[in-house]
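Visitor: Dropping in run28.pdb, with PDB, C-alpha atoms.
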ATOM      1  CA  MET A   1      79.771-132.840 147.129
ATOM      2  CA  SER A   2      77.515-135.595 148.375
ATOM      3  CA  PHE A   3      76.240-138.493 146.337
ATOM      4  CA  ASP A   4      72.751-136.949 146.160
ATOM      5  CA  GLU A   5      74.156-133.646 144.998
ATOM      6  CA  ASN A   6      76.139-135.444 142.260
ATOM      7  CA  LEU A   7      72.989-137.250 141.143
ATOM      8  CA  ILE A   8      71.069-133.979 140.994
ATOM      9  CA  ALA A   9      73.865-132.298 139.005
ATOM     10  CA  LEU A  10      74.067-135.286 136.646
ATOM     11  CA  ARG A  11      70.269-135.279 136.197
ATOM     12  CA  GLN A  12      70.331-131.551 135.402
ATOM     13  CA  ALA A  13      73.159-132.013 132.869
ATOM     14  CA  VAL A  14      71.331-134.866 131.158
ATOM     15  CA  THR A  15      68.078-132.856 131.085
ATOM     16  CA  HIS A  16      69.906-129.891 129.601
ATOM     17  CA  THR A  17      71.623-132.066 126.961
ATOM     18  CA  LEU A  18      68.324-133.720 126.033
ATOM     19  CA  GLY A  19      66.748-130.257 125.694
ATOM     20  CA  VAL A  20      69.515-129.151 123.322
ATOM     21  CA  ILE A  21      69.173-132.342 121.258
ATOM     22  CA  ASP A  22      65.374-131.975 121.169
ATOM     23  CA  GLY A  23      65.706-128.360 119.938
ATOM     24  CA  LYS A  24      68.088-129.384 117.177
ATOM     25  CA  LEU A  25      65.809-132.221 116.111
ATOM     26  CA  ARG A  26      62.804-129.866 116.008
ATOM     27  CA  ASN A  27      64.730-127.483 113.693
ATOM     28  CA  LYS A  28      65.732-130.306 111.352
ATOM     29  CA  ALA A  29      63.841-130.379 108.052
ATOM     30  CA  ASN A  30      60.993-132.801 107.816
ATOM     31  CA  LYS A  31      61.963-135.566 105.388
ATOM     32  CA  ALA A  32      58.530-135.344 103.753
ATOM     33  CA  ASP A  33      59.162-131.663 102.953
ATOM     34  CA  VAL A  34      62.644-132.114 101.445
ATOM     35  CA  PRO A  35      62.721-133.094  97.760
ATOM     36  CA  THR A  36      64.834-136.046  96.734
ATOM     37  CA  ILE A  37      67.706-135.726  94.282
ATOM     38  CA  GLU A  38      65.508-137.298  91.603
ATOM     39  CA  GLN A  39      62.774-134.717  92.253
ATOM     40  CA  ILE A  40      65.313-131.889  92.035
ATOM     41  CA  ASP A  41      66.645-133.304  88.754
ATOM     42  CA  GLN A  42      63.081-133.518  87.391
ATOM     43  CA  ARG A  43      62.352-129.933  88.402
ATOM     44  CA  PHE A  44      65.570-128.720  86.792
ATOM     45  CA  SER A  45      64.853-130.643  83.591
ATOM     46  CA  ALA A  46      61.356-129.203  83.484
ATOM     47  CA  LEU A  47      62.745-125.705  83.945
ATOM     48  CA  ALA A  48      65.434-126.136  81.309
ATOM     49  CA  GLY A  49      63.018-127.926  78.997
ATOM     50  CA  SER A  50      60.555-125.060  79.152
ATOM     51  CA  ALA A  51      63.032-122.675  77.514
ATOM     52  CA  PRO A  52      65.029-124.644  74.947
ATOM     53  CA  GLU A  53      65.014-121.821  72.413
ATOM     54  CA  THR A  54      66.477-119.427  74.947
ATOM     55  CA  LEU A  55      69.152-121.923  75.951
ATOM     56  CA  ASP A  56      69.933-122.617  72.287
ATOM     57  CA  THR A  57      70.284-118.890  71.690
ATOM     58  CA  LEU A  58      72.651-118.536  74.647
ATOM     59  CA  ALA A  59      74.703-121.489  73.426
ATOM     60  CA  GLU A  60      74.840-120.005  69.923
ATOM     61  CA  LEU A  61      75.951-116.633  71.300
ATOM     62  CA  ALA A  62      78.656-118.259  73.417
ATOM     63  CA  GLU A  63      79.882-120.221  70.410
ATOM     64  CA  ALA A  64      79.851-117.118  68.213
ATOM     65  CA  LEU A  65      81.969-115.319  70.804
ATOM     66  CA  GLY A  66      84.461-118.184  70.766
ATOM     67  CA  ASN A  67      83.341-119.366  74.214
ATOM     68  CA  ASN A  68      85.650-116.661  75.519
ATOM     69  CA  PRO A  69      84.753-115.798  79.123
ATOM     70  CA  ASN A  70      86.839-112.618  78.786
ATOM     71  CA  PHE A  71      85.270-111.512  75.493
ATOM     72  CA  ALA A  72      84.764-107.887  76.581
ATOM     73  CA  THR A  73      88.404-107.579  77.658
ATOM     74  CA  THR A  74      89.618-109.211  74.444
ATOM     75  CA  ILE A  75      87.549-106.841  72.277
ATOM     76  CA  THR A  76      88.665-103.807  74.273
ATOM     77  CA  GLU A  77      92.314-104.796  73.841
ATOM     78  CA  GLU A  78      91.846-105.346  70.101
ATOM     79  CA  LEU A  79      90.093-101.987  69.706
ATOM     80  CA  ALA A  80      92.985-100.304  71.516
ATOM     81  CA  LYS A  81      95.291-101.633  68.773
ATOM     82  CA  LYS A  82      93.170 -99.959  66.080
ATOM     83  CA  ALA A  83      94.897 -97.130  64.226
ATOM     84  CA  THR A  84      93.680 -93.640  64.954
ATOM     85  CA  LYS A  85      92.629 -91.278  62.170
ATOM     86  CA  THR A  86      95.759 -89.209  62.777
ATOM     87  CA  ARG A  87      98.000 -92.277  62.487
ATOM     88  CA  VAL A  88      96.293 -93.305  59.225
ATOM     89  CA  THR A  89      96.873 -89.808  57.824
ATOM     90  CA  GLU A  90     100.559 -89.995  58.833
ATOM     91  CA  LEU A  91     100.917 -93.392  57.143
ATOM     92  CA  GLU A  92      99.210 -92.110  53.986
ATOM     93  CA  THR A  93     101.639 -89.173  53.864
ATOM     94  CA  GLN A  94     104.649 -91.462  54.355
ATOM     95  CA  LEU A  95     103.362 -93.810  51.660
ATOM     96  CA  GLY A  96     102.818 -90.905  49.256
ATOM     97  CA  GLU A  97     106.338 -89.614  49.895
ATOM     98  CA  SER A  98     107.785 -93.101  49.399
ATOM     99  CA  LEU A  99     105.895 -93.558  46.118
ATOM    100  CA  THR A 100     107.096 -90.170  44.891
ATOM    101  CA  ALA A 101     110.705 -91.064  45.755
ATOM    102  CA  LEU A 102     110.307 -94.442  44.039
ATOM    103  CA  THR A 103     108.838 -92.798  40.916
ATOM    104  CA  ASP A 104     111.666 -90.251  40.853
ATOM    105  CA  ALA A 105     114.253 -93.021  41.223
ATOM    106  CA  PHE A 106     112.610 -95.054  38.459
ATOM    107  CA  ASN A 107     112.472 -92.029  36.133
ATOM    108  CA  GLN A 108     116.107 -91.177  36.904
ATOM    109  CA  GLY A 109     117.119 -94.789  36.235
ATOM    110  CA  ALA A 110     115.197 -94.787  32.929
ATOM    111  CA  ALA A 111     116.828 -91.489  31.963
ATOM    112  CA  ASN A 112     120.296 -92.906  32.771
ATOM    113  CA  ILE A 113     119.589 -95.975  30.637
ATOM    114  CA  GLN A 114     118.341 -93.762  27.788
ATOM    115  CA  ASN A 115     121.416 -91.521  28.004
ATOM    116  CA  SER A 116     123.711 -94.526  28.083
ATOM    117  CA  THR A 117     121.970 -96.011  25.045
ATOM    118  CA  ASN A 118     122.151 -92.695  23.166
ATOM    119  CA  GLU A 119     125.873 -92.361  23.935
ATOM    120  CA  GLN A 120     126.595 -95.882  22.665
ATOM    121  CA  GLU A 121     124.668 -95.227  19.448
ATOM    122  CA  ALA A 122     126.578 -91.985  18.901
ATOM    123  CA  THR A 123     129.937 -93.689  19.076
TER     124      THR A 123
END
How would this structure read if it were set down as structure tokens?
Guide:
Amino acid sequence: MSFDENLIALRQAVTHTLGVIDGKLRNKANKADVPTIEQIDQRFSALAGSAPETLDTLAELAEALGNNPNFATTITEELAKKATKTRVTELETQLGESLTALTDAFNQGAANIQNSTNEQEAT
């Protein structure tokens, strides 16, 4: 490749590179159109400040739920532990049977004491 050909190729490469850079610069946001961090903070404060009651309500709800991010799962698991109506009926029956057995044992014990007392008095 001759010197002139190299210069032409170099000029074309530089022109191409400058075109790419120019395109990227044209697509870059205009500094006048981009809000500053302070402006963004002000806009956010204005937005949050316009609904303090709503934010208070959300904070109160979160606090009431124990700030638990898995509240629904926790409640579902606790509800699954709840006794069914059938299980409550079974427990009531067992309790009734146990109370009957306890009453019978108490009455038998009282009768044994009474018999023992009567026998001692008779002698």
Visitor: For the atom pair atom CA of Gln120 of chain A and atom CA of Asn107 of chain A, what is the interatomic distance in Å to one decimal place?
Guide: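 Between atom CA of Gln120 of chain A and atom CA of Asn107 of chain A the gap is 19.9 Å.
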Visitor: What gap, in Å, lies between atom CA of Ile37 of chain A and atom CA of Asp22 of chain A?
Guide: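 If I compute the distance from atom CA of Ile37 of chain A to atom CA of Asp22 of chain A, I get 27.2 Å.
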Visitor: Kindly compute an axis-aligned box around the listed atoms of segment 72-80 of chain A, allowing 4 Å on each side, and express its centre and edge lengths in Å to one decimal as lines of an AutoDock Vina configuration file.
Guide:
center_x = 88.9
center_y = -104.8
center_z = 73.7
size_x = 16.2
size_y = 16.9
size_z = 16.0
